[in-house]
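K.L.:
What follows is entry-v9.pdb, made up of PDB, C-alpha atoms:
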ATOM      1  CA  MET A   1      73.231 -57.197 -63.299  1.00  0.00           C
ATOM      2  CA  ASP A   2      71.211 -54.015 -63.475  1.00  0.00           C
ATOM      3  CA  SER A   3      68.804 -55.292 -60.851  1.00  0.00           C
ATOM      4  CA  SER A   4      71.720 -55.645 -58.410  1.00  0.00           C
ATOM      5  CA  PHE A   5      72.444 -51.981 -58.921  1.00  0.00           C
ATOM      6  CA  THR A   6      68.837 -51.065 -58.229  1.00  0.00           C
ATOM      7  CA  ASP A   7      69.338 -52.863 -54.935  1.00  0.00           C
ATOM      8  CA  VAL A   8      72.509 -50.891 -54.327  1.00  0.00           C
ATOM      9  CA  THR A   9      70.674 -47.605 -54.876  1.00  0.00           C
ATOM     10  CA  ALA A  10      67.857 -48.705 -52.570  1.00  0.00           C
ATOM     11  CA  GLN A  11      70.383 -49.717 -49.912  1.00  0.00           C
ATOM     12  CA  ILE A  12      72.181 -46.402 -50.204  1.00  0.00           C
ATOM     13  CA  PHE A  13      68.867 -44.588 -49.714  1.00  0.00           C
ATOM     14  CA  ASN A  14      68.187 -46.801 -46.680  1.00  0.00           C
ATOM     15  CA  LEU A  15      71.624 -45.907 -45.388  1.00  0.00           C
ATOM     16  CA  PHE A  16      71.050 -42.168 -45.765  1.00  0.00           C
ATOM     17  CA  THR A  17      67.653 -42.480 -44.114  1.00  0.00           C
ATOM     18  CA  LEU A  18      69.315 -44.228 -41.157  1.00  0.00           C
ATOM     19  CA  THR A  19      72.012 -41.541 -41.017  1.00  0.00           C
ATOM     20  CA  ALA A  20      69.339 -38.842 -41.130  1.00  0.00           C
ATOM     21  CA  VAL A  21      67.466 -40.530 -38.263  1.00  0.00           C
ATOM     22  CA  THR A  22      70.681 -40.556 -36.212  1.00  0.00           C
ATOM     23  CA  THR A  23      71.371 -36.917 -37.081  1.00  0.00           C
ATOM     24  CA  VAL A  24      67.863 -35.745 -36.153  1.00  0.00           C
ATOM     25  CA  MET A  25      68.032 -37.815 -32.966  1.00  0.00           C
ATOM     26  CA  LYS A  26      71.267 -36.063 -31.945  1.00  0.00           C
ATOM     27  CA  GLU A  27      69.817 -32.633 -32.717  1.00  0.00           C
ATOM     28  CA  LEU A  28      66.703 -33.373 -30.645  1.00  0.00           C
ATOM     29  CA  TYR A  29      68.806 -34.665 -27.762  1.00  0.00           C
ATOM     30  CA  GLU A  30      70.425 -31.261 -27.504  1.00  0.00           C
ATOM     31  CA  VAL A  31      67.428 -28.999 -27.924  1.00  0.00           C
ATOM     32  CA  ASN A  32      64.245 -30.960 -27.205  1.00  0.00           C
ATOM     33  CA  PRO A  33      64.549 -33.816 -24.666  1.00  0.00           C
ATOM     34  CA  THR A  34      60.801 -34.562 -24.712  1.00  0.00           C
ATOM     35  CA  GLN A  35      60.695 -34.996 -28.452  1.00  0.00           C
ATOM     36  CA  HIS A  36      63.988 -36.899 -28.347  1.00  0.00           C
ATOM     37  CA  ARG A  37      62.468 -39.351 -25.906  1.00  0.00           C
ATOM     38  CA  TRP A  38      59.398 -39.760 -28.109  1.00  0.00           C
ATOM     39  CA  PHE A  39      61.490 -40.265 -31.259  1.00  0.00           C
ATOM     40  CA  TYR A  40      63.822 -42.660 -29.456  1.00  0.00           C
ATOM     41  CA  ASP A  41      60.869 -44.862 -28.464  1.00  0.00           C
ATOM     42  CA  PHE A  42      59.409 -44.584 -31.948  1.00  0.00           C
ATOM     43  CA  VAL A  43      62.664 -45.740 -33.575  1.00  0.00           C
ATOM     44  CA  ARG A  44      62.903 -48.640 -31.137  1.00  0.00           C
ATOM     45  CA  THR A  45      59.402 -49.787 -32.066  1.00  0.00           C
ATOM     46  CA  ASN A  46      59.555 -49.036 -35.791  1.00  0.00           C
ATOM     47  CA  LYS A  47      62.942 -50.078 -37.101  1.00  0.00           C
ATOM     48  CA  PRO A  48      64.103 -47.600 -39.749  1.00  0.00           C
ATOM     49  CA  THR A  49      65.779 -50.332 -41.825  1.00  0.00           C
ATOM     50  CA  ASP A  50      62.812 -50.332 -44.198  1.00  0.00           C
ATOM     51  CA  ARG A  51      62.901 -46.634 -44.971  1.00  0.00           C
ATOM     52  CA  LYS A  52      59.583 -46.404 -46.792  1.00  0.00           C
ATOM     53  CA  ARG A  53      57.552 -48.172 -44.132  1.00  0.00           C
ATOM     54  CA  PHE A  54      59.366 -46.254 -41.385  1.00  0.00           C
ATOM     55  CA  LEU A  55      58.693 -42.841 -42.927  1.00  0.00           C
ATOM     56  CA  HIS A  56      55.148 -43.807 -43.779  1.00  0.00           C
ATOM     57  CA  ILE A  57      54.351 -44.591 -40.135  1.00  0.00           C
ATOM     58  CA  LEU A  58      56.363 -41.646 -38.800  1.00  0.00           C
ATOM     59  CA  GLN A  59      54.459 -39.337 -41.100  1.00  0.00           C
ATOM     60  CA  LYS A  60      51.182 -40.538 -39.641  1.00  0.00           C
ATOM     61  CA  GLU A  61      52.359 -40.106 -36.059  1.00  0.00           C
ATOM     62  CA  ASN A  62      54.527 -37.007 -36.339  1.00  0.00           C
ATOM     63  CA  HIS A  63      54.631 -35.478 -39.793  1.00  0.00           C
ATOM     64  CA  GLU A  64      56.991 -32.681 -38.782  1.00  0.00           C
ATOM     65  CA  LEU A  65      59.647 -35.157 -37.670  1.00  0.00           C
ATOM     66  CA  ALA A  66      59.062 -37.212 -40.831  1.00  0.00           C
ATOM     67  CA  GLU A  67      59.668 -34.169 -42.992  1.00  0.00           C
ATOM     68  CA  ARG A  68      62.730 -33.284 -40.966  1.00  0.00           C
ATOM     69  CA  VAL A  69      64.180 -36.754 -41.556  1.00  0.00           C
ATOM     70  CA  MET A  70      63.368 -36.501 -45.279  1.00  0.00           C
ATOM     71  CA  VAL A  71      64.943 -33.074 -45.678  1.00  0.00           C
ATOM     72  CA  THR A  72      67.980 -34.207 -43.672  1.00  0.00           C
ATOM     73  CA  ARG A  73      68.574 -37.346 -45.735  1.00  0.00           C
ATOM     74  CA  LEU A  74      68.395 -35.394 -48.987  1.00  0.00           C
ATOM     75  CA  SER A  75      70.779 -32.782 -47.664  1.00  0.00           C
ATOM     76  CA  LEU A  76      73.223 -35.427 -46.381  1.00  0.00           C
ATOM     77  CA  PHE A  77      73.005 -37.240 -49.709  1.00  0.00           C
ATOM     78  CA  ALA A  78      73.693 -34.017 -51.635  1.00  0.00           C
ATOM     79  CA  LYS A  79      76.735 -33.353 -49.448  1.00  0.00           C
ATOM     80  CA  TRP A  80      77.959 -36.895 -49.988  1.00  0.00           C
ATOM     81  CA  ILE A  81      77.707 -36.935 -53.778  1.00  0.00           C
ATOM     82  CA  LYS A  82      79.315 -33.487 -53.920  1.00  0.00           C
ATOM     83  CA  ASN A  83      82.438 -34.829 -52.212  1.00  0.00           C
ATOM     84  CA  LEU A  84      82.372 -38.325 -53.651  1.00  0.00           C
ATOM     85  CA  ASP A  85      85.639 -39.329 -55.280  1.00  0.00           C
ATOM     86  CA  HIS A  86      85.056 -42.430 -57.397  1.00  0.00           C
ATOM     87  CA  ALA A  87      88.715 -43.027 -58.131  1.00  0.00           C
ATOM     88  CA  GLU A  88      89.556 -42.826 -54.443  1.00  0.00           C
ATOM     89  CA  MET A  89      86.761 -45.244 -53.507  1.00  0.00           C
ATOM     90  CA  TYR A  90      87.887 -47.665 -56.191  1.00  0.00           C
ATOM     91  CA  LYS A  91      91.435 -47.456 -54.896  1.00  0.00           C
ATOM     92  CA  ASP A  92      90.214 -48.043 -51.327  1.00  0.00           C
ATOM     93  CA  LEU A  93      88.368 -51.203 -52.290  1.00  0.00           C
ATOM     94  CA  SER A  94      91.252 -52.393 -54.424  1.00  0.00           C
ATOM     95  CA  ASP A  95      93.635 -51.755 -51.501  1.00  0.00           C
ATOM     96  CA  GLN A  96      91.390 -53.784 -49.213  1.00  0.00           C
ATOM     97  CA  ASN A  97      91.594 -56.683 -51.664  1.00  0.00           C
ATOM     98  CA  LEU A  98      95.369 -56.387 -51.820  1.00  0.00           C
ATOM     99  CA  ALA A  99      95.677 -56.185 -48.034  1.00  0.00           C
ATOM    100  CA  LEU A 100      93.740 -59.440 -47.704  1.00  0.00           C
ATOM    101  CA  MET A 101      95.844 -61.151 -50.340  1.00  0.00           C
ATOM    102  CA  ARG A 102      99.042 -59.899 -48.717  1.00  0.00           C
ATOM    103  CA  GLU A 103      97.796 -61.175 -45.373  1.00  0.00           C
ATOM    104  CA  ARG A 104      97.417 -64.631 -46.865  1.00  0.00           C
ATOM    105  CA  LEU A 105     100.874 -64.415 -48.394  1.00  0.00           C
ATOM    106  CA  MET A 106     102.415 -63.524 -45.043  1.00  0.00           C
ATOM    107  CA  GLU A 107     100.647 -66.428 -43.419  1.00  0.00           C
ATOM    108  CA  THR A 108     101.567 -69.068 -45.969  1.00  0.00           C
ATOM    109  CA  VAL A 109     105.025 -68.124 -47.190  1.00  0.00           C
ATOM    110  CA  LYS A 110     108.011 -69.184 -45.113  1.00  0.00           C
ATOM    111  CA  TRP A 111     110.620 -66.496 -45.413  1.00  0.00           C
ATOM    112  CA  PRO A 112     113.993 -68.041 -46.255  1.00  0.00           C
ATOM    113  CA  TYR A 113     116.021 -65.566 -44.200  1.00  0.00           C
ATOM    114  CA  ASP A 114     113.688 -65.389 -41.231  1.00  0.00           C
ATOM    115  CA  GLY A 115     115.144 -67.120 -38.198  1.00  0.00           C
ATOM    116  CA  THR A 116     112.124 -66.654 -35.918  1.00  0.00           C
ATOM    117  CA  ASP A 117     109.663 -69.403 -35.107  1.00  0.00           C
ATOM    118  CA  THR A 118     106.541 -67.297 -35.521  1.00  0.00           C
ATOM    119  CA  ASN A 119     105.915 -68.282 -39.125  1.00  0.00           C
ATOM    120  CA  THR A 120     103.845 -71.319 -39.862  1.00  0.00           C
ATOM    121  CA  GLU A 121     105.267 -74.149 -41.871  1.00  0.00           C
ATOM    122  CA  LYS A 122     104.961 -73.463 -45.561  1.00  0.00           C
ATOM    123  CA  VAL A 123     101.589 -74.549 -46.866  1.00  0.00           C
ATOM    124  CA  GLY A 124     100.716 -73.612 -50.381  1.00  0.00           C
TER     125      GLY A 124
ATOM    126  CA  MET B   1      79.646 -35.338 -40.538  1.00  0.00           C
ATOM    127  CA  ASP B   2      82.677 -36.780 -42.294  1.00  0.00           C
ATOM    128  CA  SER B   3      82.619 -39.817 -40.048  1.00  0.00           C
ATOM    129  CA  SER B   4      79.074 -40.580 -41.251  1.00  0.00           C
ATOM    130  CA  PHE B   5      80.388 -40.630 -44.784  1.00  0.00           C
ATOM    131  CA  THR B   6      83.155 -43.031 -43.805  1.00  0.00           C
ATOM    132  CA  ASP B   7      80.345 -45.266 -42.577  1.00  0.00           C
ATOM    133  CA  VAL B   8      78.541 -44.836 -45.877  1.00  0.00           C
ATOM    134  CA  THR B   9      81.635 -45.912 -47.809  1.00  0.00           C
ATOM    135  CA  ALA B  10      82.119 -48.914 -45.516  1.00  0.00           C
ATOM    136  CA  GLN B  11      78.472 -49.882 -45.958  1.00  0.00           C
ATOM    137  CA  ILE B  12      78.734 -49.576 -49.730  1.00  0.00           C
ATOM    138  CA  PHE B  13      81.763 -51.869 -49.664  1.00  0.00           C
ATOM    139  CA  ASN B  14      79.806 -54.318 -47.496  1.00  0.00           C
ATOM    140  CA  LEU B  15      76.989 -54.113 -50.012  1.00  0.00           C
ATOM    141  CA  PHE B  16      79.247 -54.889 -52.960  1.00  0.00           C
ATOM    142  CA  THR B  17      80.826 -57.755 -51.060  1.00  0.00           C
ATOM    143  CA  LEU B  18      77.355 -59.183 -50.441  1.00  0.00           C
ATOM    144  CA  THR B  19      76.441 -58.708 -54.109  1.00  0.00           C
ATOM    145  CA  ALA B  20      79.694 -60.408 -55.128  1.00  0.00           C
ATOM    146  CA  VAL B  21      78.928 -63.349 -52.821  1.00  0.00           C
ATOM    147  CA  THR B  22      75.485 -63.695 -54.436  1.00  0.00           C
ATOM    148  CA  THR B  23      77.005 -63.450 -57.918  1.00  0.00           C
ATOM    149  CA  VAL B  24      79.691 -66.075 -57.237  1.00  0.00           C
ATOM    150  CA  MET B  25      77.078 -68.302 -55.600  1.00  0.00           C
ATOM    151  CA  LYS B  26      74.908 -68.143 -58.751  1.00  0.00           C
ATOM    152  CA  GLU B  27      77.881 -68.895 -60.986  1.00  0.00           C
ATOM    153  CA  LEU B  28      78.880 -71.905 -58.874  1.00  0.00           C
ATOM    154  CA  TYR B  29      75.314 -73.183 -58.873  1.00  0.00           C
ATOM    155  CA  GLU B  30      75.471 -73.457 -62.635  1.00  0.00           C
ATOM    156  CA  VAL B  31      78.933 -74.912 -63.103  1.00  0.00           C
ATOM    157  CA  ASN B  32      80.090 -76.521 -59.867  1.00  0.00           C
ATOM    158  CA  PRO B  33      77.351 -77.959 -57.594  1.00  0.00           C
ATOM    159  CA  THR B  34      79.850 -79.403 -55.080  1.00  0.00           C
ATOM    160  CA  GLN B  35      81.607 -76.084 -54.546  1.00  0.00           C
ATOM    161  CA  HIS B  36      78.237 -74.320 -54.536  1.00  0.00           C
ATOM    162  CA  ARG B  37      77.093 -76.571 -51.705  1.00  0.00           C
ATOM    163  CA  TRP B  38      80.303 -75.896 -49.771  1.00  0.00           C
ATOM    164  CA  PHE B  39      80.062 -72.136 -50.294  1.00  0.00           C
ATOM    165  CA  TYR B  40      76.364 -72.129 -49.396  1.00  0.00           C
ATOM    166  CA  ASP B  41      77.133 -73.793 -46.063  1.00  0.00           C
ATOM    167  CA  PHE B  42      80.085 -71.485 -45.498  1.00  0.00           C
ATOM    168  CA  VAL B  43      77.917 -68.365 -46.046  1.00  0.00           C
ATOM    169  CA  ARG B  44      75.286 -69.742 -43.700  1.00  0.00           C
ATOM    170  CA  THR B  45      77.859 -70.224 -40.958  1.00  0.00           C
ATOM    171  CA  ASN B  46      79.910 -67.088 -41.585  1.00  0.00           C
ATOM    172  CA  LYS B  47      77.563 -64.223 -42.304  1.00  0.00           C
ATOM    173  CA  PRO B  48      79.078 -61.948 -44.979  1.00  0.00           C
ATOM    174  CA  THR B  49      77.657 -58.796 -43.360  1.00  0.00           C
ATOM    175  CA  ASP B  50      81.056 -58.044 -41.820  1.00  0.00           C
ATOM    176  CA  ARG B  51      82.988 -58.155 -45.075  1.00  0.00           C
ATOM    177  CA  LYS B  52      86.486 -58.099 -43.589  1.00  0.00           C
ATOM    178  CA  ARG B  53      85.915 -60.914 -41.143  1.00  0.00           C
ATOM    179  CA  PHE B  54      84.046 -62.920 -43.763  1.00  0.00           C
ATOM    180  CA  LEU B  55      86.801 -62.658 -46.363  1.00  0.00           C
ATOM    181  CA  HIS B  56      89.475 -63.269 -43.755  1.00  0.00           C
ATOM    182  CA  ILE B  57      87.923 -66.600 -42.782  1.00  0.00           C
ATOM    183  CA  LEU B  58      87.041 -67.535 -46.368  1.00  0.00           C
ATOM    184  CA  GLN B  59      90.625 -66.899 -47.374  1.00  0.00           C
ATOM    185  CA  LYS B  60      91.831 -69.339 -44.753  1.00  0.00           C
ATOM    186  CA  GLU B  61      89.371 -72.026 -45.804  1.00  0.00           C
ATOM    187  CA  ASN B  62      89.223 -71.517 -49.563  1.00  0.00           C
ATOM    188  CA  HIS B  63      91.539 -68.812 -50.839  1.00  0.00           C
ATOM    189  CA  GLU B  64      90.496 -69.282 -54.467  1.00  0.00           C
ATOM    190  CA  LEU B  65      86.869 -68.515 -53.665  1.00  0.00           C
ATOM    191  CA  ALA B  66      87.954 -65.577 -51.497  1.00  0.00           C
ATOM    192  CA  GLU B  67      89.912 -64.119 -54.383  1.00  0.00           C
ATOM    193  CA  ARG B  68      87.020 -64.716 -56.723  1.00  0.00           C
ATOM    194  CA  VAL B  69      84.688 -62.787 -54.407  1.00  0.00           C
ATOM    195  CA  MET B  70      87.245 -59.974 -54.109  1.00  0.00           C
ATOM    196  CA  VAL B  71      87.773 -59.702 -57.850  1.00  0.00           C
ATOM    197  CA  THR B  72      84.017 -59.841 -58.429  1.00  0.00           C
ATOM    198  CA  ARG B  73      83.202 -57.098 -55.936  1.00  0.00           C
ATOM    199  CA  LEU B  74      85.810 -54.785 -57.440  1.00  0.00           C
ATOM    200  CA  SER B  75      84.511 -55.453 -60.933  1.00  0.00           C
ATOM    201  CA  LEU B  76      80.877 -54.891 -59.873  1.00  0.00           C
ATOM    202  CA  PHE B  77      81.892 -51.696 -58.100  1.00  0.00           C
ATOM    203  CA  ALA B  78      83.745 -50.446 -61.192  1.00  0.00           C
ATOM    204  CA  LYS B  79      80.678 -51.132 -63.326  1.00  0.00           C
ATOM    205  CA  TRP B  80      78.468 -49.363 -60.818  1.00  0.00           C
ATOM    206  CA  ILE B  81      80.507 -46.146 -60.556  1.00  0.00           C
ATOM    207  CA  LYS B  82      80.898 -46.083 -64.339  1.00  0.00           C
ATOM    208  CA  ASN B  83      77.117 -45.886 -64.782  1.00  0.00           C
ATOM    209  CA  LEU B  84      76.340 -43.891 -61.666  1.00  0.00           C
ATOM    210  CA  ASP B  85      74.265 -40.810 -62.354  1.00  0.00           C
ATOM    211  CA  HIS B  86      74.388 -38.537 -59.318  1.00  0.00           C
ATOM    212  CA  ALA B  87      71.736 -36.162 -60.613  1.00  0.00           C
ATOM    213  CA  GLU B  88      69.374 -39.043 -61.290  1.00  0.00           C
ATOM    214  CA  MET B  89      69.949 -40.536 -57.842  1.00  0.00           C
ATOM    215  CA  TYR B  90      69.354 -37.165 -56.214  1.00  0.00           C
ATOM    216  CA  LYS B  91      66.140 -36.774 -58.195  1.00  0.00           C
ATOM    217  CA  ASP B  92      65.051 -40.296 -57.171  1.00  0.00           C
ATOM    218  CA  LEU B  93      65.511 -39.557 -53.491  1.00  0.00           C
ATOM    219  CA  SER B  94      63.874 -36.179 -53.822  1.00  0.00           C
ATOM    220  CA  ASP B  95      60.923 -37.817 -55.640  1.00  0.00           C
ATOM    221  CA  GLN B  96      60.582 -40.329 -52.825  1.00  0.00           C
ATOM    222  CA  ASN B  97      60.358 -37.462 -50.338  1.00  0.00           C
ATOM    223  CA  LEU B  98      57.730 -35.747 -52.454  1.00  0.00           C
ATOM    224  CA  ALA B  99      55.716 -38.954 -52.878  1.00  0.00           C
ATOM    225  CA  LEU B 100      55.577 -39.375 -49.108  1.00  0.00           C
ATOM    226  CA  MET B 101      54.536 -35.776 -48.588  1.00  0.00           C
ATOM    227  CA  ARG B 102      51.890 -36.057 -51.296  1.00  0.00           C
ATOM    228  CA  GLU B 103      50.637 -39.247 -49.661  1.00  0.00           C
ATOM    229  CA  ARG B 104      50.123 -37.330 -46.428  1.00  0.00           C
ATOM    230  CA  LEU B 105      48.372 -34.565 -48.280  1.00  0.00           C
ATOM    231  CA  MET B 106      45.974 -37.023 -49.891  1.00  0.00           C
ATOM    232  CA  GLU B 107      45.223 -38.565 -46.529  1.00  0.00           C
ATOM    233  CA  THR B 108      44.631 -35.369 -44.607  1.00  0.00           C
ATOM    234  CA  VAL B 109      42.980 -33.044 -47.093  1.00  0.00           C
ATOM    235  CA  LYS B 110      39.275 -33.362 -47.610  1.00  0.00           C
ATOM    236  CA  TRP B 111      38.543 -32.716 -51.258  1.00  0.00           C
ATOM    237  CA  PRO B 112      35.656 -30.274 -51.603  1.00  0.00           C
ATOM    238  CA  TYR B 113      34.245 -31.872 -54.746  1.00  0.00           C
ATOM    239  CA  ASP B 114      34.720 -35.470 -53.775  1.00  0.00           C
ATOM    240  CA  GLY B 115      31.454 -37.213 -53.015  1.00  0.00           C
ATOM    241  CA  THR B 116      32.917 -40.574 -51.984  1.00  0.00           C
ATOM    242  CA  ASP B 117      33.229 -41.701 -48.390  1.00  0.00           C
ATOM    243  CA  THR B 118      36.757 -43.046 -48.724  1.00  0.00           C
ATOM    244  CA  ASN B 119      38.443 -39.898 -47.443  1.00  0.00           C
ATOM    245  CA  THR B 120      38.910 -39.420 -43.754  1.00  0.00           C
ATOM    246  CA  GLU B 121      37.297 -36.494 -42.031  1.00  0.00           C
ATOM    247  CA  LYS B 122      40.495 -35.068 -40.616  1.00  0.00           C
ATOM    248  CA  VAL B 123      41.538 -31.780 -42.170  1.00  0.00           C
ATOM    249  CA  GLY B 124      45.209 -30.907 -41.765  1.00  0.00           C
TER     250      GLY B 124
END
Is it possible to give me this structure as structure tokens?
P.N.:
Amino acid sequence: MDSSFTDVTAQIFNLFTLTAVTTVMKELYEVNPTQHRWFYDFVRTNKPTDRKRFLHILQKENHELAERVMVTRLSLFAKWIKNLDHAEMYKDLSDQNLALMRERLMETVKWPYDGTDTNTEKVG
Amino acid sequence: MDSSFTDVTAQIFNLFTLTAVTTVMKELYEVNPTQHRWFYDFVRTNKPTDRKRFLHILQKENHELAERVMVTRLSLFAKWIKNLDHAEMYKDLSDQNLALMRERLMETVKWPYDGTDTNTEKVG
């Protein structure tokens, strides 16, 4: 079970690296079109889904941008954990489960007092 | 910025749904080969990367398995947040940044007392 959670952490770091890439890309678009173009092409060629490989190559080709992405992902991550509400997230996921179960209920139950024809015939 | 974090939450939920699918798949493999085979084919056809769509279809085709995945993902998530150490995660990510920067340093700096030929000439 613990190994799954290592994966989760790695995926979250991948996610924040991707978000940082997007953030830096947007910033460059506004202030430095030449560098934006370069970074855009770089990201197209070197997919940032594998964060370590991506940053490794970026560092070789443009270490300033690599450091900017690294600083940005750490700062975004810090902001995220600062505002993270575990109870709220748990409730969100639980609500999504309930919504799906309710959806099934609505689709399978035939309401006794409903005169419309939109409901399916009772299944389970 | 907030919208990025909504994405992060959604991605984390996707991640836990994927982990739950893997967990249920492993459990079925051990106790119910027929259902495992069915679920394996189902996952191949309906990629679980879009969790809502995946569970929606699974619920229609096998609502018991859908509920099992939903219960499992919530339970895995609860276990994860219970053991989550924000400070440790922050340190991990920060260490990964430092490791990359150190890697660059090692590659670009020419060590004055190093007699081997493995270092590149380039001085940063």
K.L.:
Mind running chain A against chain B at 9 Å and telling me each contacting residue's nearest atom pair with the distance in Å (one decimal), counting only C-alpha atoms, chain and number ascending, as a Markdown table?
P.N.:
| residue | atom | partner | partner_atom | distance |
| --- | --- | --- | --- | --- |
| A:Met1 | CA | B:Leu76 | CA | 8.7 |
| A:Ser4 | CA | B:Thr19 | CA | 7.1 |
| A:Phe5 | CA | B:Trp80 | CA | 6.8 |
| A:Val8 | CA | B:Leu15 | CA | 7.0 |
| A:Thr9 | CA | B:Met89 | CA | 7.7 |
| A:Gln11 | CA | B:Leu15 | CA | 7.9 |
| A:Ile12 | CA | B:Ile12 | CA | 7.3 |
| A:Phe13 | CA | B:Leu93 | CA | 7.1 |
| A:Leu15 | CA | B:Val8 | CA | 7.0 |
| A:Phe16 | CA | B:Val8 | CA | 8.0 |
| A:Thr19 | CA | B:Ser4 | CA | 7.1 |
| A:Lys52 | CA | B:Leu100 | CA | 8.4 |
| A:Leu55 | CA | B:Leu100 | CA | 7.7 |
| A:His56 | CA | B:Leu100 | CA | 6.9 |
| A:Gln59 | CA | B:Arg104 | CA | 7.2 |
| A:Lys60 | CA | B:Arg104 | CA | 7.6 |
| A:His63 | CA | B:Arg104 | CA | 8.2 |
| A:Glu67 | CA | B:Met101 | CA | 7.8 |
| A:Met70 | CA | B:Asn97 | CA | 6.0 |
| A:Val71 | CA | B:Asn97 | CA | 7.9 |
| A:Arg73 | CA | B:Leu93 | CA | 8.6 |
| A:Leu74 | CA | B:Ser94 | CA | 6.7 |
| A:Leu76 | CA | B:Met1 | CA | 8.7 |
| A:Phe77 | CA | B:Tyr90 | CA | 7.5 |
| A:Ala78 | CA | B:Tyr90 | CA | 7.1 |
| A:Trp80 | CA | B:Phe5 | CA | 6.9 |
| A:Ile81 | CA | B:His86 | CA | 6.7 |
| A:Lys82 | CA | B:His86 | CA | 8.9 |
| A:His86 | CA | B:Ile81 | CA | 6.7 |
| A:Met89 | CA | B:Thr9 | CA | 7.7 |
| A:Tyr90 | CA | B:Ala78 | CA | 7.1 |
| A:Leu93 | CA | B:Leu74 | CA | 6.8 |
| A:Ser94 | CA | B:Leu74 | CA | 6.7 |
| A:Gln96 | CA | B:Lys52 | CA | 8.6 |
| A:Asn97 | CA | B:Met70 | CA | 6.0 |
| A:Leu100 | CA | B:His56 | CA | 7.0 |
| A:Met101 | CA | B:Glu67 | CA | 7.8 |
| A:Glu103 | CA | B:His56 | CA | 8.7 |
| A:Arg104 | CA | B:Gln59 | CA | 7.2 |
K.L.:
Counting only C-alpha atoms, find the residues whose atoms lie at most 12 Å from (59.0, -44.6, -34.5) (file coordinates) and write them out as JSON, numbers by chain.
P.N.:
{"A": [21, 25, 35, 36, 37, 38, 39, 40, 41, 42, 43, 44, 45, 46, 47, 48, 49, 50, 51, 53, 54, 55, 56, 57, 58, 59, 60, 61, 62, 63, 65, 66, 69]}
K.L.:
Draw an axis-aligned box over all listed atoms of range 95-111 of chain B, pad each side with 3 Å, and write its centre and edge lengths in Å, one decimal, as AutoDock Vina command-line options.
P.N.:
--center_x 49.7 --center_y -36.5 --center_z -50.1 --size_x 28.4 --size_y 13.6 --size_z 17.0
K.L.:
Rounded to one decimal in Å, what is the spacing between CA of Arg68 in chain A and CA of Pro33 in chain A?
P.N.:
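Distance reported for this atom pair: 16.4 Å.
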K.L.:
Just how far from CA of Thr34 in chain B is CA of Thr17 in chain B, in Å to one decimal?
P.N.:
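Those two atoms sit 22.0 Å apart.
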K.L.:
By how many Å are CA of Ala99 in chain A and CA of Pro112 in chain A apart?
P.N.:
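These two atoms are separated by 21.9 Å.
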